[in-house]
Amino acid sequence: MLRLENISKSYNKGAIKAVDNINLDIKKGEIFGFLGPNGAGKTTTIKMIVGLLKPDSGKVTVGTVDAWQEPIEAKSMISYVPDNPEIYDRLKGIEYLNFMGDMYGIPKEEREKKLNYYLELFSIKDAVGDLIASYSHGMKQKIVLTGALLSNPDLFILDEPMVGLDPKSAFNLKEIMRKMCDEGKTVFFSTHVLEVAEKLCDRIAIINKGKIVALGTMEELKAHAEEKQSLENIFLELTE
Amino acid sequence: MMNKIISLIKTDFNITFGLSSIIYSFKNKKNRWQMIILAIAMLSLIPSYFLIINSLNGMYDIYAEVGQKSMFLLSGFLVTQIMVFIFGLLYVMSKYYFSNDLATLVPLPIKSSYIIGSKFVTLMISEYLTSLPIILPFIIIYGVKGGEGLLYWIYSLLLVITAPIIPLVLSSIVIMVFMKYTNIGAKKDLIRVIGAVIFIIAMVYFQLKIQTIAGKAMMEGDFFVNLVKDSNLLVKKLGIIFPPSQWGALALSNYFNLTGLMNLLTFIVVGIISFMIMLFLSESLFFDGLIGNIEVSASKGKSRKKIALKDMTKETKPYIALAKKEIIMLFKTPVYLLNTVGGVVMLPIILLVASMTGGDESLVQIIDMLGGNNNLITLAGIAFIAALGILNSIGATSFSREGKCLWIQRTLPIKVEDQIIGRILSSLIVQILGVGALLISLSFIIKLDILSILLIVFLGLLGSIPMTQIGMIIDILRPLLDWDNPQKAMKQNLNVLISMGLGVLYLGGLIYLVINIMNKVDVNLIYGLLTVVFGLTSIILFVLLKKLIKTQFEVME
């Protein structure tokens, strides 16, 4: 569903390699966790998938299309939630959601059904008539999540999705991710919270200094690291 | 107490004029280019500045001939202080109410007069940048040509330093009163924009009124007899417009006697007293206007009547949805509303007010001159609307206004065509308001036939399309995205100026062409020609924009 081939990106004319020749192949129906310390290249990689940052070299394939050759086709399969979502705060919540729905061309009935479900789930239904400027950080995040889920994306990409969510919403989001995978959708997310990755992900990649240093299921990762039982220990060892 | 004030002023100075931030932004490549371009633009103004100084020289000679040299000084003080006042309104608004340091300052245990006082001092420094280039030529020309003595220069120094105080105090008080009494309810943004519009129109009106009054005052009684008797007559008569300017002028022109000293003292003492009054007023005005200023009210759940989600979900075509979003943002962000919609609606009204007060008779005269030639008026109307298309700044800030939210459109599956059409549509909707304002204003002065109205509407709007596109081209090439106050995207955006320059070139060329062929060909041919030119440039610019947006959206970082 998502394939990265020899993706590289550097800043300052090659002086700093943010992402160094990364290869990933993420299958349909998989929840994929992307781990790494601050500044390892997680967000840079994600930005190259969603079209915010052009790779210096390499190829990003979403489904069967090259994301940088046919961006509209690729983007209509993707929904993206950034780590610190800045959204149009002069719009009302519902205006923003309708805007997202229009951009993905979602028919009214389906839109209504989805909105009802997710707004109820994140308990922000009463707030959709208010200006986004009046929302708290968490509410903003929930509105962005709702907008992203509206299109029922084949590939759901989230950058640090758990930060700022209350426990109940974080739990709900995990449930949503699980359910999406059961329906054959693909979820790709970065996180600092190792427990989330450990419990939720089918496979995990650890990135450090722009390079993938570990890739596999939780069991595979554990098998490679002798004596180190928790993901935390593996993480600490690999990213030293 | 003194320590607090000094520390406040020092911090504010660092934020506003901080060397470290200047050096930092010079190290950044993009900023460096911007600064270089800005410097070149400033340098290119120098020749015209010298032209102005040259004509000031001539003005001095004329006043000297009729024995009213002091009038020359009065002009200097008047222009300077009025400019300081007008710029002051803008500076005060952003510095007192919308600057980033307020979130830090307000919770601190300091009186509001301290905050206002320290901000005032920094503003004074900024205002010197406005006042010095204006007042210095007047004072230097007067001093050098008249061979004035040492005391003149000492007086000048004192006056130049204190000149911005009174006008800046006035603009501070006006803004503080305005902010206090408009800080009400959920609609305060709208109230403020309407208030500002009315204020601007009223200012224009009073300015024109004063001109007529002053003009009449001069012609009263034995004017010419008195003119010979009293060499300060003109200053005394015209100085009533703004007494402090009169004191300044009289202090300098009479520096050798007691009148001069008295006027100098009045100028300075009134300045200091007015500053104290402002500080005193700020205690009761400032916080009332500030607190809750930025807060946005949210209806808390149950009290609000519930609208079913069903009625709130609407399906629209992507380009319409984009245009709708743009319009909502333009109308709900005060800075945008005032600069885009406000400008488009205000300009025709100001033209109307100007021609009705009779102060500036140009418009009535022009229309008289056209002698009811409807075609000429129609053509002028079309040009006016097309010009509004670039003056509304919607195109030139189209992408800059997205700011940090641009990621949304870059990651959504939006066709470039929809992007362009949606954004142009939003500009056209605002333009329709401008067309309305123009037609209503014109209807007070002349009678237009239906055909002219239709032509102004159709060709004016069609002509606005390439104007908006020119702005969009500039803005997509160098969008200003890193801002946290929408004021930046609008007011500190060079793209607005650049595209205005290009728009004026394009429109000026067309106007030149039309004037040249007007008497040689049938007027209908001109309308046809305009339709073709506007249509063709729209299409060409559309194709260009498509390419530019596609590549820029990819390579942006």
# chains A, B, ... in the order shown; residues from 1 in each chain; ligands from 1
>>> residues_around(residues="Lys17 in chain A", least_positions_apart="4", cutoff="8 Å", atoms="only C-alpha atoms", output="PyMOL selection string")
chain A and resi 8-11+209-210
>>> write_last_selection(atoms="N, CA and C atoms", output="PDB file, in the first residue's frame")
ATOM      1  N   SER A   8      15.706   9.890   0.070  1.00  0.00           N
ATOM      2  CA  SER A   8      16.698  10.697   0.790  1.00  0.00           C
ATOM      3  C   SER A   8      16.281  12.158   0.781  1.00  0.00           C
ATOM      4  N   LYS A   9      16.647  12.839   1.840  1.00  0.00           N
ATOM      5  CA  LYS A   9      16.412  14.280   1.877  1.00  0.00           C
ATOM      6  C   LYS A   9      17.506  14.921   2.717  1.00  0.00           C
ATOM      7  N   SER A  10      18.117  15.952   2.176  1.00  0.00           N
ATOM      8  CA  SER A  10      19.121  16.647   2.987  1.00  0.00           C
ATOM      9  C   SER A  10      18.860  18.133   2.960  1.00  0.00           C
ATOM     10  N   TYR A  11      19.330  18.805   3.991  1.00  0.00           N
ATOM     11  CA  TYR A  11      19.170  20.247   4.102  1.00  0.00           C
ATOM     12  C   TYR A  11      20.522  20.926   3.970  1.00  0.00           C
ATOM     13  N   LYS A 209      19.056   9.157  13.172  1.00  0.00           N
ATOM     14  CA  LYS A 209      19.943   9.951  12.309  1.00  0.00           C
ATOM     15  C   LYS A 209      19.657   9.713  10.828  1.00  0.00           C
ATOM     16  N   GLY A 210      18.376   9.621  10.499  1.00  0.00           N
ATOM     17  CA  GLY A 210      17.987   9.508   9.096  1.00  0.00           C
ATOM     18  C   GLY A 210      18.042   8.111   8.521  1.00  0.00           C
TER      19      GLY A 210
END
>>> residues_around(residues="range 88-96 of chain A", least_positions_apart="4", cutoff="8 Å", atoms="only C-alpha atoms", output="list in words")
Met100, Ala127, Val128, Gly129, Asp130, Leu131, Ile132, Ala133, Ile143 and Gly147 of chain A; Met312, Thr313, Lys325, Ile328, Met329, Lys332, Thr333 and Cys405 of chain B
>>> interface_residues(of="chain A", to="chain B", cutoff="9 Å", atoms="only C-alpha atoms", output="ChimeraX atom specification")
/A:50-54,68,71-80,82,85-91,94-109,111-112,115-116,125-127,129-131,133-135
>>> select_by_dssp(residues="range 29-208 of chain A", states="strand (DSSP E)", output="ChimeraX atom specification")
/A:31-35,57-62,65-66,78-81,155-159,186-191,203-208
>>> write_last_selection(atoms="N, CA and C atoms", output="tab-separated table (two decimals), in the first residue's frame")
chain	number	residue	atom	x	y	z
A	31	ILE	N	-0.90	-1.94	10.63
A	31	ILE	CA	-0.63	-0.74	11.43
A	31	ILE	C	0.87	-0.65	11.61
A	32	PHE	N	1.44	0.41	11.12
A	32	PHE	CA	2.89	0.51	11.11
A	32	PHE	C	3.34	1.66	12.01
A	33	GLY	N	4.19	1.34	12.97
A	33	GLY	CA	4.68	2.36	13.89
A	33	GLY	C	6.06	2.85	13.48
A	34	PHE	N	6.24	4.15	13.53
A	34	PHE	CA	7.50	4.76	13.09
A	34	PHE	C	8.12	5.45	14.30
A	35	LEU	N	9.20	4.87	14.81
A	35	LEU	CA	9.76	5.36	16.07
A	35	LEU	C	11.12	6.00	15.87
A	57	SER	N	15.88	12.28	-3.73
A	57	SER	CA	15.92	11.14	-4.63
A	57	SER	C	15.02	10.05	-4.07
A	58	GLY	N	14.72	9.06	-4.90
A	58	GLY	CA	13.88	7.96	-4.44
A	58	GLY	C	12.45	8.10	-4.90
A	59	LYS	N	11.66	7.10	-4.55
A	59	LYS	CA	10.30	7.02	-5.08
A	59	LYS	C	9.33	6.68	-3.96
A	60	VAL	N	8.19	7.37	-3.95
A	60	VAL	CA	7.12	7.08	-2.99
A	60	VAL	C	5.94	6.53	-3.78
A	61	THR	N	5.51	5.32	-3.45
A	61	THR	CA	4.37	4.75	-4.16
A	61	THR	C	3.22	4.51	-3.19
A	62	VAL	N	2.07	5.06	-3.54
A	62	VAL	CA	0.88	4.86	-2.73
A	62	VAL	C	-0.09	4.03	-3.56
A	65	VAL	N	0.16	4.12	-7.47
A	65	VAL	CA	0.59	5.36	-8.13
A	65	VAL	C	1.81	5.98	-7.45
A	66	ASP	N	2.62	6.60	-8.30
A	66	ASP	CA	3.78	7.34	-7.81
A	66	ASP	C	3.27	8.65	-7.21
A	78	ILE	N	-5.03	9.25	0.61
A	78	ILE	CA	-4.37	9.51	1.89
A	78	ILE	C	-5.17	10.49	2.74
A	79	SER	N	-5.15	10.29	4.05
A	79	SER	CA	-5.52	11.37	4.98
A	79	SER	C	-4.34	11.57	5.91
A	80	TYR	N	-4.07	12.82	6.22
A	80	TYR	CA	-2.86	13.12	7.00
A	80	TYR	C	-3.21	14.00	8.19
A	81	VAL	N	-2.68	13.64	9.35
A	81	VAL	CA	-2.86	14.46	10.55
A	81	VAL	C	-1.48	14.84	11.07
A	155	LEU	N	-5.12	5.02	3.18
A	155	LEU	CA	-3.86	5.15	3.91
A	155	LEU	C	-3.98	6.33	4.88
A	156	PHE	N	-3.88	6.01	6.15
A	156	PHE	CA	-4.07	7.01	7.20
A	156	PHE	C	-2.70	7.31	7.81
A	157	ILE	N	-2.25	8.55	7.69
A	157	ILE	CA	-0.91	8.89	8.17
A	157	ILE	C	-0.99	9.89	9.30
A	158	LEU	N	-0.43	9.54	10.44
A	158	LEU	CA	-0.51	10.43	11.59
A	158	LEU	C	0.87	10.69	12.19
A	159	ASP	N	1.13	11.94	12.50
A	159	ASP	CA	2.40	12.32	13.11
A	159	ASP	C	2.13	12.61	14.59
A	186	THR	N	-4.75	0.93	5.71
A	186	THR	CA	-3.39	0.93	6.23
A	186	THR	C	-3.18	2.17	7.11
A	187	VAL	N	-2.53	1.96	8.24
A	187	VAL	CA	-2.25	3.08	9.15
A	187	VAL	C	-0.74	3.19	9.35
A	188	PHE	N	-0.24	4.40	9.19
A	188	PHE	CA	1.19	4.65	9.36
A	188	PHE	C	1.31	5.82	10.33
A	189	PHE	N	1.95	5.59	11.47
A	189	PHE	CA	2.05	6.71	12.40
A	189	PHE	C	3.39	6.75	13.13
A	190	SER	N	3.78	7.97	13.49
A	190	SER	CA	5.01	8.12	14.26
A	190	SER	C	4.63	8.37	15.71
A	191	THR	N	5.47	7.98	16.61
A	191	THR	CA	5.17	8.22	18.02
A	191	THR	C	6.41	8.18	18.90
A	203	ARG	N	3.84	-3.93	12.77
A	203	ARG	CA	5.28	-3.86	12.56
A	203	ARG	C	5.79	-2.48	12.99
A	204	ILE	N	7.08	-2.44	13.29
A	204	ILE	CA	7.68	-1.21	13.80
A	204	ILE	C	8.98	-0.94	13.04
A	205	ALA	N	9.24	0.33	12.76
A	205	ALA	CA	10.55	0.71	12.24
A	205	ALA	C	11.13	1.73	13.20
A	206	ILE	N	12.40	1.60	13.51
A	206	ILE	CA	13.06	2.60	14.35
A	206	ILE	C	14.04	3.36	13.47
A	207	ILE	N	13.92	4.68	13.49
A	207	ILE	CA	14.80	5.51	12.66
A	207	ILE	C	15.70	6.31	13.57
A	208	ASN	N	16.96	6.39	13.20
A	208	ASN	CA	17.90	7.19	13.96
A	208	ASN	C	18.87	7.87	13.01
>>> residues_around(residues="Ala249 in chain B", least_positions_apart="3", cutoff="8 Å", atoms="only C-alpha atoms", output="ChimeraX atom specification")
/B:70-71,73-74,77,235,245-246,252-253
>>> residues_around(residues="Phe399 in chain B", least_positions_apart="5", cutoff="9 Å", atoms="only C-alpha atoms", output="count of residues only")
7
>>> residues_around(residues="Ile539 in chain B", least_positions_apart="2", cutoff="12 Å", atoms="only C-alpha atoms", output="PyMOL selection string")
chain B and resi 417+420-421+462+465-466+469+532-537+541-546
>>> atom_distance(atom1="CA of Asn374 in chain B", atom2="CA of Pro348 in chain B")
18.1 Å
>>> residues_around(residues="range 230-239 of chain A", least_positions_apart="2", cutoff="10 Å", atoms="only C-alpha atoms", output="PyMOL selection string")
chain A and resi 35-37+40+193-195+197-198+206-209+213-214+218+221-222+224-228
>>> residues_around(residues="Asp166 in chain A", least_positions_apart="6", cutoff="12 Å", atoms="only C-alpha atoms", output="CSV table (one decimal) with C-alpha atoms, in the first residue's frame")
chain,number,residue,atom,x,y,z
A,122,PHE,CA,-14.8,12.4,20.2
A,123,SER,CA,-17.6,14.2,22.1
A,136,SER,CA,-8.7,24.0,23.1
A,137,HIS,CA,-5.7,22.3,21.7
A,138,GLY,CA,-7.3,18.9,22.1
A,139,MET,CA,-10.5,19.9,20.5
A,141,GLN,CA,-6.9,17.9,17.2
A,142,LYS,CA,-10.2,16.0,17.3
A,172,ASN,CA,-11.0,5.7,20.8
A,173,LEU,CA,-8.3,6.7,18.3
>>> closest_residue(among="A:Gly39, A:Gly63, A:Gly216, A:Gly29", to="His192 in chain A", atoms="only C-alpha atoms")
A:Gly39
>>> closest_residue(among="A:Leu149, A:Asn12, A:Thr45, A:Met1", to="Ile212 in chain A", atoms="only C-alpha atoms")
A:Thr45
